[in-house]
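Undergrad: Let me give you the structure first, and then I'll get to my questions.
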Amino acid sequence: MNKTMSIIFAFLLLINISCSKAQDKLKPIINSKTMNEQPIYTLKVTSSNPYESYINNMVLEKDYLTGSSDSELIINDLILKSGKQKLQIVLLPNDGNKTVDKLGIDYLTLSIYRYNNGYSSYVERKSTLIYEFKLDDPHVEMPLITKEWIFNIDVPYKLKNWEHSIDLRKEDEDKLLKEVVDYYNHLANIINKGDKKSFLTIMKVRNSEVFKSFYNDAELIKEDERYIDNKLSKSIGNIQPLENYNIMFYGNGRIVTLEDKKGETPLFAEDKNDIYSYQIYLHRPYPNAPLEVIR
């Protein structure tokens, strides 16, 4: 996994860059004039071990590769409103080890940065470190270490989010799994046909939420549509069968998704040149409502 700072603010709605099978080669064009004067927040993780990171009980990144790494990812779409936010980290042992060693604990740092003027300040690398977190040494060997912190963030928006959605963990898991898999297969058929209209209808709620958190204007939204066109055209007839997946719950049980053992989406297209991943997170907004994409 190439763990570099993602500057594709407007396009995290299309692929989850931190967890995708591969970052596809379709690069959107970013207009730096459209993202000024609004705060962009990132989480930077420096680790010598595999780890998982979560913001407000939603997965941000799952990196199971062995060795030192630096990752800085935007978290705006997981900040639902101003106020208290939660950061969680799961630190795992390196391959060949059964426990997390002291070096891995000491090396891990997590930092929250604020880019005051959005994309323009990112280009100029003008960020402000606002929080930094370290693990305490538990003084005993552990197969994994889980830790969470609370921090405060101010944002100029409030998202609909999923805090009042249905707790899917309380539903019949077999029936829920079938519903989720059916949803994935329905979306796979839409992608396989390159049906942009149906694709955008399915993504409408998510797009609205993510656009709002990334301060997208009309010009960037049009660029998104061009990116979607290009990605869908590369995916036509190339969607792979769903396989090797597990059902996963996030957002305090209000979000459900499918992942393979690497934390990657099983929904992807593949041609001779690249892999085009489609990570989706589903919720049920009210009792007996159909599942819909929220991220």
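Identifiers in the structure tokens: chain A, B, ... in order shown; residue index from 1 per chain; ligand index from 1 in order shown.
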Would you write out, as CSV, a table of all residues in stretch 143-191 of chain A that have an atom no more than 12 Å from an atom of stretch 46-57 of chain A, listing for each the closest atom pair and the distance in Å to one decimal, considering only C-alpha atoms and ordering rows by chain and rising residue number?

TA:
residue,atom,partner,partner_atom,distance
A:Leu144,CA,A:Tyr51,CA,9.3
A:Ile145,CA,A:Tyr51,CA,9.4
A:Thr146,CA,A:Glu52,CA,9.4
A:Lys147,CA,A:Ser53,CA,10.0
A:Glu148,CA,A:Tyr54,CA,9.1
A:Trp149,CA,A:Ile55,CA,9.9
A:Ile150,CA,A:Asn56,CA,9.4
A:Phe151,CA,A:Asn56,CA,10.5
A:Asn152,CA,A:Asn56,CA,11.7
A:Ile153,CA,A:Ile55,CA,12.0
A:Asn161,CA,A:Asn56,CA,11.1
A:Trp162,CA,A:Asn56,CA,11.0
A:Glu163,CA,A:Asn56,CA,10.3

Undergrad: Selected residues, N, CA and C atoms, written as a PDB file, in the first residue's frame, please.

TA:
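Wrote it out as out_1.pdb, contents follow:
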ATOM      1  N   LEU A 144      -2.562  -7.574  20.956  1.00  0.00           N
ATOM      2  CA  LEU A 144      -2.906  -6.318  20.288  1.00  0.00           C
ATOM      3  C   LEU A 144      -3.181  -5.286  21.359  1.00  0.00           C
ATOM      4  N   ILE A 145      -3.075  -4.023  20.981  1.00  0.00           N
ATOM      5  CA  ILE A 145      -3.324  -2.932  21.915  1.00  0.00           C
ATOM      6  C   ILE A 145      -4.378  -2.021  21.312  1.00  0.00           C
ATOM      7  N   THR A 146      -5.429  -1.778  22.066  1.00  0.00           N
ATOM      8  CA  THR A 146      -6.501  -0.892  21.635  1.00  0.00           C
ATOM      9  C   THR A 146      -6.551   0.302  22.566  1.00  0.00           C
ATOM     10  N   LYS A 147      -6.643   1.479  21.971  1.00  0.00           N
ATOM     11  CA  LYS A 147      -6.667   2.705  22.770  1.00  0.00           C
ATOM     12  C   LYS A 147      -7.562   3.717  22.077  1.00  0.00           C
ATOM     13  N   GLU A 148      -8.236   4.550  22.871  1.00  0.00           N
ATOM     14  CA  GLU A 148      -9.035   5.614  22.282  1.00  0.00           C
ATOM     15  C   GLU A 148      -8.808   6.919  23.031  1.00  0.00           C
ATOM     16  N   TRP A 149      -8.998   8.008  22.315  1.00  0.00           N
ATOM     17  CA  TRP A 149      -8.856   9.354  22.858  1.00  0.00           C
ATOM     18  C   TRP A 149     -10.034  10.206  22.397  1.00  0.00           C
ATOM     19  N   ILE A 150     -10.390  11.188  23.194  1.00  0.00           N
ATOM     20  CA  ILE A 150     -11.413  12.164  22.839  1.00  0.00           C
ATOM     21  C   ILE A 150     -10.717  13.496  22.560  1.00  0.00           C
ATOM     22  N   PHE A 151     -11.119  14.154  21.480  1.00  0.00           N
ATOM     23  CA  PHE A 151     -10.555  15.464  21.144  1.00  0.00           C
ATOM     24  C   PHE A 151     -11.666  16.337  20.575  1.00  0.00           C
ATOM     25  N   ASN A 152     -11.438  17.628  20.544  1.00  0.00           N
ATOM     26  CA  ASN A 152     -12.442  18.576  20.068  1.00  0.00           C
ATOM     27  C   ASN A 152     -12.058  19.156  18.715  1.00  0.00           C
ATOM     28  N   ILE A 153     -13.045  19.308  17.846  1.00  0.00           N
ATOM     29  CA  ILE A 153     -12.847  19.862  16.507  1.00  0.00           C
ATOM     30  C   ILE A 153     -14.001  20.814  16.216  1.00  0.00           C
ATOM     31  N   ASN A 161     -25.647  12.353   9.065  1.00  0.00           N
ATOM     32  CA  ASN A 161     -24.952  11.221   9.684  1.00  0.00           C
ATOM     33  C   ASN A 161     -25.862  10.034  10.012  1.00  0.00           C
ATOM     34  N   TRP A 162     -25.353   9.154  10.873  1.00  0.00           N
ATOM     35  CA  TRP A 162     -26.019   7.877  11.146  1.00  0.00           C
ATOM     36  C   TRP A 162     -26.285   7.660  12.635  1.00  0.00           C
ATOM     37  N   GLU A 163     -26.165   8.690  13.450  1.00  0.00           N
ATOM     38  CA  GLU A 163     -26.276   8.479  14.898  1.00  0.00           C
ATOM     39  C   GLU A 163     -27.675   8.041  15.310  1.00  0.00           C
TER      40      GLU A 163
END

Undergrad: As a ChimeraX atom specification, please: every residue in stretch 187-267 of chain A that DSSP puts in helix (DSSP H, G or I).

TA: /A:187-193,196-202,204-214,218-235

Undergrad: Skipping near chain neighbours, those fewer than 5 positions away, what residues fall within 7 Å of A:Tyr276 using only C-alpha atoms, listed as a list in words?

TA: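 Listed by chain and then number, they are Asp24, Ser235, Phe268, Ala269 and Glu270 of chain A.
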
Undergrad: Report as an MDAnalysis selection string: the residues of stretch 115-269 of chain A with a DSSP assignment of strand (DSSP E or B), based on the backbone of this structure.

TA: chainID A and resid 115 128:133 142 145:153 239 246:250 255:259 268:269

Undergrad: Interatomic distance between atom CA of A:Lys204 and atom CA of A:Gln279?

TA: 14.9 Å

Undergrad: Please report, as CSV, each residue of stretch 178-228 of chain A lying at most 9 Å from stretch 69-93 of chain A, together with the nearest pair of atoms and the separation in Å rounded to one decimal; use only C-alpha atoms, and order rows by chain and ascending residue number.

TA:
residue,atom,partner,partner_atom,distance
A:Glu209,CA,A:Asp77,CA,7.3
A:Val210,CA,A:Asp77,CA,5.5
A:Phe211,CA,A:Asp77,CA,8.6
A:Lys212,CA,A:Asp77,CA,8.4
A:Ser213,CA,A:Asp77,CA,5.5
A:Phe214,CA,A:Asn76,CA,6.8

Undergrad: I need the residues from that last selection saved to file as a PDB file, in the first residue's frame (with N, CA, C and O atoms), if you can.

TA:
ATOM      1  N   GLU A 209     -23.328  14.422   1.680  1.00  0.00           N
ATOM      2  CA  GLU A 209     -22.617  14.552   2.952  1.00  0.00           C
ATOM      3  C   GLU A 209     -21.136  14.843   2.738  1.00  0.00           C
ATOM      4  O   GLU A 209     -20.561  15.715   3.394  1.00  0.00           O
ATOM      5  N   VAL A 210     -20.518  14.108   1.817  1.00  0.00           N
ATOM      6  CA  VAL A 210     -19.083  14.276   1.601  1.00  0.00           C
ATOM      7  C   VAL A 210     -18.794  15.608   0.922  1.00  0.00           C
ATOM      8  O   VAL A 210     -17.839  16.303   1.283  1.00  0.00           O
ATOM      9  N   PHE A 211     -19.597  15.985  -0.061  1.00  0.00           N
ATOM     10  CA  PHE A 211     -19.428  17.286  -0.704  1.00  0.00           C
ATOM     11  C   PHE A 211     -19.463  18.405   0.337  1.00  0.00           C
ATOM     12  O   PHE A 211     -18.680  19.349   0.297  1.00  0.00           O
ATOM     13  N   LYS A 212     -20.405  18.290   1.260  1.00  0.00           N
ATOM     14  CA  LYS A 212     -20.560  19.325   2.283  1.00  0.00           C
ATOM     15  C   LYS A 212     -19.318  19.396   3.172  1.00  0.00           C
ATOM     16  O   LYS A 212     -18.824  20.491   3.486  1.00  0.00           O
ATOM     17  N   SER A 213     -18.799  18.240   3.581  1.00  0.00           N
ATOM     18  CA  SER A 213     -17.653  18.236   4.483  1.00  0.00           C
ATOM     19  C   SER A 213     -16.358  18.644   3.797  1.00  0.00           C
ATOM     20  O   SER A 213     -15.418  19.099   4.452  1.00  0.00           O
ATOM     21  N   PHE A 214     -16.309  18.498   2.460  1.00  0.00           N
ATOM     22  CA  PHE A 214     -15.124  18.913   1.706  1.00  0.00           C
ATOM     23  C   PHE A 214     -15.310  20.256   1.012  1.00  0.00           C
ATOM     24  O   PHE A 214     -14.446  20.677   0.250  1.00  0.00           O
TER      25      PHE A 214
END

Undergrad: I need the residue nearest A:Asp137 from this list: A:Lys102, A:Lys222, A:Lys158, A:Arg114. Use only C-alpha atoms for the distance.

TA: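 Once distances to A:Asp137 are computed over only C-alpha atoms, the minimum belongs to A:Lys102.
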
Undergrad: Measuring between only C-alpha atoms, which one of A:Ile221, A:Ile191, A:Leu168, A:Val59 shows the shortest distance to A:Ile236?

TA: A:Ile191

Undergrad: Tell me, in Å to one decimal, how far atom CA of A:Leu291 is from atom CA of A:Thr257.

TA: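 Between these atoms lies a distance of 10.8 Å.
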
Undergrad: What's the 12 Å shell around A:Ile130, counting only C-alpha atoms, without same-chain residues fewer than 4 positions away, as number ranges by chain?

TA: A: 41-44, 110-116, 151-154

Undergrad: Which residue is closest to A:Tyr245? Choose from A:His283, A:Tyr184, A:Met142, A:Asp224 and count only C-alpha atoms.

TA: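 Between A:His283, A:Tyr184, A:Met142, A:Asp224, the residue approaching A:Tyr245 most closely is A:Tyr184.
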
Undergrad: Set the distance at 10 Å and use only C-alpha atoms: which residues neighbour A:Arg284 once local chain neighbours fewer than 6 positions away are removed? I'd like the list as a PyMOL selection string.

TA: chain A and resi 162+164-168+254-256+290-294

Undergrad: Pull N, CA, C and O atoms from the residues just selected and write them as a compact mmCIF listing (two decimals), in the first residue's frame.

TA:
# COMPACT_ATOMS: atom_id res chain seq x y z
N TRP A 162 -25.35 9.15 10.87
CA TRP A 162 -26.02 7.88 11.15
C TRP A 162 -26.28 7.66 12.64
O TRP A 162 -26.63 6.56 13.04
N HIS A 164 -28.69 8.32 14.50
CA HIS A 164 -30.06 7.89 14.83
C HIS A 164 -30.52 6.75 13.92
O HIS A 164 -31.71 6.41 13.92
N SER A 165 -29.60 6.18 13.17
CA SER A 165 -29.95 5.03 12.33
C SER A 165 -30.16 3.79 13.19
O SER A 165 -29.87 3.78 14.40
N ILE A 166 -30.63 2.73 12.57
CA ILE A 166 -30.94 1.49 13.29
C ILE A 166 -29.66 0.74 13.65
O ILE A 166 -28.72 0.65 12.84
N ASP A 167 -29.61 0.20 14.88
CA ASP A 167 -28.49 -0.63 15.29
C ASP A 167 -28.63 -1.99 14.61
O ASP A 167 -29.45 -2.83 15.00
N LEU A 168 -27.84 -2.21 13.57
CA LEU A 168 -27.97 -3.40 12.73
C LEU A 168 -27.49 -4.66 13.44
O LEU A 168 -27.82 -5.77 13.01
N ARG A 254 -24.35 0.85 13.61
CA ARG A 254 -25.31 1.48 12.69
C ARG A 254 -24.83 1.51 11.24
O ARG A 254 -25.55 1.94 10.34
N ILE A 255 -23.62 1.06 11.03
CA ILE A 255 -23.02 0.98 9.69
C ILE A 255 -22.62 -0.46 9.43
O ILE A 255 -22.06 -1.13 10.31
N VAL A 256 -22.88 -0.93 8.23
CA VAL A 256 -22.49 -2.28 7.85
C VAL A 256 -21.78 -2.23 6.50
O VAL A 256 -22.11 -1.39 5.64
N PRO A 290 -35.11 0.34 3.63
CA PRO A 290 -34.05 -0.40 2.93
C PRO A 290 -32.68 0.21 3.30
O PRO A 290 -32.60 1.37 3.71
N LEU A 291 -31.66 -0.59 3.18
CA LEU A 291 -30.31 -0.09 3.38
C LEU A 291 -29.99 0.96 2.33
O LEU A 291 -30.47 0.90 1.19
N GLU A 292 -29.16 1.93 2.71
CA GLU A 292 -28.70 2.91 1.74
C GLU A 292 -27.25 3.27 2.04
O GLU A 292 -26.76 3.11 3.16
N VAL A 293 -26.56 3.75 1.03
CA VAL A 293 -25.16 4.13 1.17
C VAL A 293 -25.08 5.46 1.94
O VAL A 293 -25.76 6.42 1.59
N ILE A 294 -24.24 5.49 2.99
CA ILE A 294 -24.02 6.72 3.75
C ILE A 294 -22.59 7.19 3.62
O ILE A 294 -22.30 8.38 3.79

Undergrad: So how far away is atom CA of A:Asn117 from atom CA of A:Glu225, in Å?

TA: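 That distance, rounded to one decimal, is 24.6 Å.
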
Undergrad: Quick one: residues within 12 Å of A:Lys170, only C-alpha atoms counted, chain neighbours fewer than 3 positions away excluded, as a PyMOL selection string?

TA: chain A and resi 166-167+173-176+249+252-254+287

Undergrad: Atoms to include: C-alpha atoms. Write the selected residues as a PDB file, in the first residue's frame.

TA:
ATOM      1  CA  ILE A 166     -30.943   1.485  13.291  1.00  0.00           C
ATOM      2  CA  ASP A 167     -28.492  -0.634  15.292  1.00  0.00           C
ATOM      3  CA  GLU A 173     -27.495 -11.564  10.940  1.00  0.00           C
ATOM      4  CA  ASP A 174     -28.279 -14.116   8.223  1.00  0.00           C
ATOM      5  CA  LYS A 175     -31.079 -11.986   6.807  1.00  0.00           C
ATOM      6  CA  LEU A 176     -28.966  -8.861   7.092  1.00  0.00           C
ATOM      7  CA  PHE A 249     -20.144  -3.297  11.708  1.00  0.00           C
ATOM      8  CA  ASN A 252     -21.732   1.700  16.986  1.00  0.00           C
ATOM      9  CA  GLY A 253     -23.467  -0.964  14.924  1.00  0.00           C
ATOM     10  CA  ARG A 254     -25.306   1.480  12.689  1.00  0.00           C
ATOM     11  CA  PRO A 287     -37.073   0.846  11.074  1.00  0.00           C
TER      12      PRO A 287
END

Undergrad: Kindly indicate which residue among A:Asn216, A:Asn207, A:Ser233, A:Thr99 lies nearest to A:Gly194, using only C-alpha atoms for the distances.

TA: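 Closest to A:Gly194, using only C-alpha atoms: A:Ser233.
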